[in-house]
Every structure is written in structure tokens, then in C-alpha cells.
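Undergrad: Provided herewith is a single structure, encoded as C-alpha cells, for subsequent inquiry.
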Amino acid sequence: MRLIFLGPPGAGKGTQAKLLTEKYGIPQLSTGDMLRAAVAEQSDVGKRAKAVMDAGQLVSDEIVNEIVSNRIDAPDCAKGFILDGYPRTVPQAVALGKMLEGKGLGLDAVIELKVDEGALVRRMENRVAETLAAGGKVRSDDNPEAFKKRLVEYREKTAPLSEHYAATGELKTVDGMASVETVTSEINRILATASADA
């Protein structure tokens, strides 16, 4: 079961990925975790990534693609994996396609959680208000202004991936505004169809 999750911050990708990880026994691969692991292992590519990050620069596609490729080769990915936060751009998606093809693998589905961005912002504002009303401390990433910026960045950079995967016929969309249970059952339905077609 090889999947990609798409959707803006706050769409619930992490929650759904965790449920699938438990159900299928496959790892959720997030770019940040893979980068940190490569740096910690001090592999060649990890050292190159660390040098770039220490210089305060963004890690190149070439380095990220190599880290992903190495991670996919790990034994725990033999049954599959869920990519979350990668690919971020169409060039990365094209590189991933070639990489998987080179390994004799393919994707089962690209699942996009469609959400109402305005509702996501309101949801966050309500959460902040409730936390403050209860005398709690607001998490630094629960900042509606910063969140809006992340949504814009997602739309500009990552949204073209939807078109890319729609063109390849791999894209499946799910209403991310539905309840967690509804989203989960819809994803399971898509995956059951994908494995039946495989």
C-alpha cells in the first residue's frame, strides 16, 4: 500500500495517516522526520543536508529525493508507506515517479483531503479562544495569522500537485471537512478499490 496524502495544514492528514499506519502496519514518512533521521545517521546525504540546513538554506530537491529513495528501501517499507509532506512540488512528484519506477514500484493512490480554508481558520481561532477562556496556554503554531500564511504557501506551491496527479489518474479526493470516522471510511473505500484494481 503506497500512498501520498495531499491537503493543506490542518486538513487532518496526520490523523488519517496514523490510523492507516496502525491498520496496514506501514510507516508514515514525513519529510521532516526523514531529514532529521538522515542527519542523525550521518549518512553521506545526511551530512550534505546538515551543511545546507546549518547555512540556513532550504534543502535541495536532489537531496530530499535521495533521502526519500533511501528511506523507501528500508525494510519497514517493504509492505508500503504513506508519504506526508512529500512531494511538495511538481518536479519532486516527477522525480518520485521515476524513482519508484526504477525500483519496480508504483503508487496505489494519491489522496487529497479537500477542505474549506475559511472554516479551518475559524476552527483554529475558536480553539485559541477556548484555550484562552479555559486559562490555558496557546501553542505557538496555533497562530491564525501564521496559519493563513501557511495556507497561501500551500496553495501556491503544493496545490499544482493536485492537477499533476489528476492528469495521471492517481488523484482521489475526500471531503476533509467530514468527521474523522467518515473521512477514514471514505479512504478505506478508495484503498479497497485500488487494491482490487491492482
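All residue names refer to the C-alpha cells as shown: chains lettered A, B, ... in order, residues numbered from 1 in each chain, ligands numbered from 1 in order.
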So which residues of range 93-171 of chain A fall under helix (DSSP H, G or I) by DSSP, listed as an MDAnalysis selection string?

TA: chainID A and resid 93:102 117:133 144:157 160:168

Undergrad: Using only C-alpha atoms, determine which residues lie at most 9 Å from range 150-156 of chain A, disregarding the query and same-chain residues fewer than 4 positions distant; provide the list as a PyMOL selection string.

TA: chain A and resi 7-9+88+117+145-146+160

Undergrad: Run DSSP on the backbone and tell me which residues of chain A come out as strand (DSSP E); list them as a list in words.

TA: Arg2, Leu3, Ile4, Phe5, Leu6, Gln28, Leu29, Ser30, Phe81, Ile82, Leu83, Asp84, Ala109, Val110, Ile111, Glu112, Leu113, Lys114, Leu171, Lys172, Thr173, Val174 and Asp175 of chain A

Undergrad: May I have the selected residues written with N, CA and C atoms, as a tab-separated table (two decimals), in the first residue's frame?

TA:
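Result went into result-v2.tsv, see below:
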```tsv
chain	number	residue	atom	x	y	z
A	2	ARG	N	1.05	1.85	-1.16
A	2	ARG	CA	1.91	3.04	-1.27
A	2	ARG	C	1.05	4.26	-1.58
A	3	LEU	N	1.03	5.20	-0.64
A	3	LEU	CA	0.12	6.33	-0.74
A	3	LEU	C	0.82	7.66	-0.58
A	4	ILE	N	0.17	8.69	-1.15
A	4	ILE	CA	0.58	10.07	-0.88
A	4	ILE	C	-0.66	10.77	-0.34
A	5	PHE	N	-0.46	11.55	0.72
A	5	PHE	CA	-1.53	12.39	1.25
A	5	PHE	C	-1.28	13.83	0.85
A	6	LEU	N	-2.29	14.48	0.30
A	6	LEU	CA	-2.22	15.90	-0.02
A	6	LEU	C	-3.31	16.62	0.76
A	28	GLN	N	4.51	5.96	8.24
A	28	GLN	CA	4.18	7.27	7.70
A	28	GLN	C	5.50	8.01	7.56
A	29	LEU	N	5.81	8.43	6.35
A	29	LEU	CA	7.09	9.09	6.11
A	29	LEU	C	6.88	10.60	5.94
A	30	SER	N	7.33	11.36	6.92
A	30	SER	CA	7.23	12.81	6.77
A	30	SER	C	8.61	13.35	6.44
A	81	PHE	N	4.09	2.35	2.30
A	81	PHE	CA	4.37	3.55	3.10
A	81	PHE	C	3.34	4.62	2.76
A	82	ILE	N	3.29	5.64	3.63
A	82	ILE	CA	2.44	6.80	3.39
A	82	ILE	C	3.36	8.02	3.36
A	83	LEU	N	3.37	8.72	2.25
A	83	LEU	CA	4.18	9.94	2.15
A	83	LEU	C	3.33	11.14	2.57
A	84	ASP	N	3.83	11.88	3.54
A	84	ASP	CA	3.11	13.04	4.06
A	84	ASP	C	4.06	14.24	4.01
A	109	ALA	N	-2.46	5.11	-4.56
A	109	ALA	CA	-3.38	6.25	-4.64
A	109	ALA	C	-2.71	7.51	-4.12
A	110	VAL	N	-3.21	8.63	-4.62
A	110	VAL	CA	-2.85	9.94	-4.08
A	110	VAL	C	-4.16	10.49	-3.54
A	111	ILE	N	-4.22	10.65	-2.23
A	111	ILE	CA	-5.47	11.06	-1.59
A	111	ILE	C	-5.37	12.51	-1.14
A	112	GLU	N	-6.27	13.33	-1.67
A	112	GLU	CA	-6.28	14.74	-1.27
A	112	GLU	C	-7.46	15.00	-0.36
A	113	LEU	N	-7.17	15.57	0.81
A	113	LEU	CA	-8.24	15.96	1.72
A	113	LEU	C	-8.64	17.39	1.36
A	114	LYS	N	-9.83	17.51	0.80
A	114	LYS	CA	-10.35	18.82	0.38
A	114	LYS	C	-10.99	19.50	1.59
A	171	LEU	N	-5.18	10.68	-8.64
A	171	LEU	CA	-5.75	11.52	-7.58
A	171	LEU	C	-7.16	11.08	-7.18
A	172	LYS	N	-7.36	10.96	-5.87
A	172	LYS	CA	-8.69	10.69	-5.31
A	172	LYS	C	-8.94	11.76	-4.27
A	173	THR	N	-10.09	12.41	-4.32
A	173	THR	CA	-10.36	13.46	-3.33
A	173	THR	C	-11.39	12.99	-2.30
A	174	VAL	N	-11.17	13.46	-1.09
A	174	VAL	CA	-12.04	13.13	0.04
A	174	VAL	C	-12.42	14.44	0.73
A	175	ASP	N	-13.65	14.54	1.18
A	175	ASP	CA	-14.10	15.73	1.89
A	175	ASP	C	-13.48	15.75	3.28
```

Undergrad: Fewer than 2 positions away in the same chain doesn't count, so skip those; otherwise give me all residues within 10 Å of Gly106 in chain A, counting only C-alpha atoms, as an NGL selection string.

TA: :A and (1-3 or 96-104 or 108-109)

Undergrad: Suppose we keep all heavy atoms; can you now write the selection as a tab-separated table (two decimals), in the first residue's frame?

TA:
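Written file, selection_29.tsv:
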```tsv
chain	number	residue	atom	x	y	z
A	1	MET	N	0.86	-1.19	0.00
A	1	MET	CA	0.00	0.00	0.00
A	1	MET	C	0.90	1.24	0.00
A	1	MET	O	1.49	1.56	1.02
A	1	MET	CB	-0.87	-0.05	1.26
A	1	MET	CG	-1.99	0.93	1.28
A	1	MET	SD	-3.16	0.76	-0.07
A	1	MET	CE	-4.01	-0.76	0.32
A	2	ARG	N	1.05	1.85	-1.16
A	2	ARG	CA	1.91	3.04	-1.27
A	2	ARG	C	1.05	4.26	-1.58
A	2	ARG	O	0.41	4.33	-2.63
A	2	ARG	CB	2.97	2.81	-2.35
A	2	ARG	CG	4.02	1.79	-1.91
A	2	ARG	CD	5.03	1.51	-2.99
A	2	ARG	NE	4.44	0.79	-4.10
A	2	ARG	CZ	4.28	-0.55	-4.14
A	2	ARG	NH1	4.68	-1.28	-3.13
A	2	ARG	NH2	3.75	-1.12	-5.19
A	3	LEU	N	1.03	5.20	-0.64
A	3	LEU	CA	0.12	6.33	-0.74
A	3	LEU	C	0.82	7.66	-0.58
A	3	LEU	O	1.85	7.76	0.07
A	3	LEU	CB	-0.92	6.27	0.40
A	3	LEU	CG	-1.67	4.98	0.61
A	3	LEU	CD1	-2.49	5.06	1.87
A	3	LEU	CD2	-2.57	4.72	-0.58
A	96	LEU	N	9.80	11.53	-7.99
A	96	LEU	CA	9.30	10.38	-7.22
A	96	LEU	C	8.79	9.30	-8.17
A	96	LEU	O	9.06	8.11	-7.97
A	96	LEU	CB	8.18	10.82	-6.28
A	96	LEU	CG	7.46	9.69	-5.53
A	96	LEU	CD1	8.39	9.01	-4.54
A	96	LEU	CD2	6.22	10.21	-4.81
A	97	GLY	N	8.05	9.70	-9.21
A	97	GLY	CA	7.54	8.74	-10.19
A	97	GLY	C	8.67	7.93	-10.82
A	97	GLY	O	8.60	6.70	-10.92
A	98	LYS	N	9.74	8.63	-11.22
A	98	LYS	CA	10.89	7.94	-11.85
A	98	LYS	C	11.58	7.04	-10.83
A	98	LYS	O	12.00	5.93	-11.15
A	98	LYS	CB	11.89	8.98	-12.36
A	98	LYS	CG	11.39	9.72	-13.61
A	98	LYS	CD	12.44	10.70	-14.11
A	98	LYS	CE	11.90	11.46	-15.32
A	98	LYS	NZ	12.52	12.79	-15.44
A	99	MET	N	11.70	7.55	-9.59
A	99	MET	CA	12.36	6.79	-8.53
A	99	MET	C	11.63	5.47	-8.26
A	99	MET	O	12.24	4.40	-8.20
A	99	MET	CB	12.37	7.66	-7.27
A	99	MET	CG	12.99	7.04	-6.03
A	99	MET	SD	12.37	7.87	-4.53
A	99	MET	CE	12.75	9.59	-4.80
A	100	LEU	N	10.30	5.56	-8.14
A	100	LEU	CA	9.50	4.35	-7.87
A	100	LEU	C	9.57	3.38	-9.04
A	100	LEU	O	9.70	2.17	-8.85
A	100	LEU	CB	8.04	4.73	-7.57
A	100	LEU	CG	7.79	5.45	-6.24
A	100	LEU	CD1	6.34	5.90	-6.13
A	100	LEU	CD2	8.15	4.57	-5.05
A	101	GLU	N	9.51	3.94	-10.24
A	101	GLU	CA	9.59	3.11	-11.45
A	101	GLU	C	10.92	2.35	-11.48
A	101	GLU	O	10.97	1.16	-11.79
A	101	GLU	CB	9.51	4.03	-12.68
A	101	GLU	CG	8.99	3.34	-13.92
A	101	GLU	CD	8.86	4.35	-15.06
A	101	GLU	OE1	8.09	5.32	-14.92
A	101	GLU	OE2	9.55	4.16	-16.07
A	102	GLY	N	11.98	3.05	-11.10
A	102	GLY	CA	13.32	2.44	-11.06
A	102	GLY	C	13.39	1.29	-10.06
A	102	GLY	O	14.21	0.37	-10.21
A	103	LYS	N	12.53	1.34	-9.03
A	103	LYS	CA	12.50	0.29	-8.00
A	103	LYS	C	11.45	-0.77	-8.33
A	103	LYS	O	11.20	-1.68	-7.55
A	103	LYS	CB	12.19	0.90	-6.62
A	103	LYS	CG	13.22	1.90	-6.12
A	103	LYS	CD	12.74	2.51	-4.80
A	103	LYS	CE	13.58	3.70	-4.34
A	103	LYS	NZ	14.95	3.36	-3.96
A	104	GLY	N	10.77	-0.58	-9.47
A	104	GLY	CA	9.71	-1.51	-9.85
A	104	GLY	C	8.46	-1.35	-9.00
A	104	GLY	O	7.71	-2.30	-8.79
A	108	ASP	N	-0.39	3.39	-5.08
A	108	ASP	CA	-1.76	2.85	-5.07
A	108	ASP	C	-2.77	3.98	-5.20
A	108	ASP	O	-3.79	3.82	-5.84
A	108	ASP	CB	-2.02	2.06	-3.78
A	108	ASP	CG	-1.24	0.75	-3.80
A	108	ASP	OD1	-1.59	-0.11	-4.63
A	108	ASP	OD2	-0.27	0.61	-3.05
A	109	ALA	N	-2.46	5.11	-4.56
A	109	ALA	CA	-3.38	6.25	-4.64
A	109	ALA	C	-2.71	7.51	-4.12
A	109	ALA	O	-1.79	7.45	-3.30
A	109	ALA	CB	-4.65	5.97	-3.84
```

Undergrad: Which residues, written as a PyMOL selection string, have at least one atom at most 12 Å from Leu58 in chain A, with only C-alpha atoms counted and residues fewer than 4 positions away on the same chain left out?

TA: chain A and resi 32+35+48-54+62-64

Undergrad: Within 12 Å of range 166-170 of chain A, which residues of range 46-95 of chain A come that close, and what is the closest atom pair and distance in Å for each? Count only C-alpha atoms and give it as a tab-separated table.

TA:
```
residue	atom	partner	partner_atom	distance
A:Val90	CA	A:Ala167	CA	11.9
A:Ala93	CA	A:Thr168	CA	11.1
A:Val94	CA	A:Thr168	CA	10.8
```

Undergrad: Hey, can you spit out that residue selection with N, CA and C atoms as a CSV table (one decimal), in the first residue's frame?

TA:
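Produced file out26.csv, reproduced below:
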```csv
chain,number,residue,atom,x,y,z
A,90,VAL,N,5.7,19.9,-8.1
A,90,VAL,CA,5.5,19.0,-9.3
A,90,VAL,C,6.9,18.4,-9.7
A,93,ALA,N,7.4,15.5,-7.6
A,93,ALA,CA,6.4,14.4,-7.9
A,93,ALA,C,7.0,13.6,-9.1
A,94,VAL,N,7.5,14.4,-10.1
A,94,VAL,CA,8.0,13.7,-11.3
A,94,VAL,C,9.2,12.8,-10.9
```

Undergrad: Could you tell me how far CA of Thr158 in chain A lies from CA of Ile187 in chain A, in Å and to one decimal?

TA: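 Computing it gives 20.6 Å between the two atoms.
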
Undergrad: Do you know which residues are at most 12 Å from Leu19 in chain A counting only C-alpha atoms, after dropping those on the same chain fewer than 6 positions away, and could you put them as a ChimeraX atom specification?

TA: /A:12-13,25-28,82,180-181,183-185,187-188

Undergrad: With C-alpha atoms retained, write the just-selected residues as a PDB file, in the first residue's frame.

TA:
```pdb
ATOM      1  CA  GLY A  12      -6.261  16.095   9.199  1.00  0.00           C
ATOM      2  CA  LYS A  13      -3.604  14.248   7.166  1.00  0.00           C
ATOM      3  CA  GLY A  25       1.470  -1.806   9.502  1.00  0.00           C
ATOM      4  CA  ILE A  26       3.173   0.621   7.126  1.00  0.00           C
ATOM      5  CA  PRO A  27       5.217   3.663   8.145  1.00  0.00           C
ATOM      6  CA  GLN A  28       4.176   7.274   7.695  1.00  0.00           C
ATOM      7  CA  ILE A  82       2.443   6.804   3.391  1.00  0.00           C
ATOM      8  CA  VAL A 180     -12.771  11.745  11.237  1.00  0.00           C
ATOM      9  CA  GLU A 181     -14.755   8.483  11.001  1.00  0.00           C
ATOM     10  CA  VAL A 183     -13.038  10.512   6.189  1.00  0.00           C
ATOM     11  CA  THR A 184     -11.472   7.231   7.381  1.00  0.00           C
ATOM     12  CA  SER A 185     -14.211   5.070   5.849  1.00  0.00           C
ATOM     13  CA  ILE A 187     -10.215   6.495   2.435  1.00  0.00           C
ATOM     14  CA  ASN A 188     -10.668   2.786   3.200  1.00  0.00           C
TER      15      ASN A 188
END
```
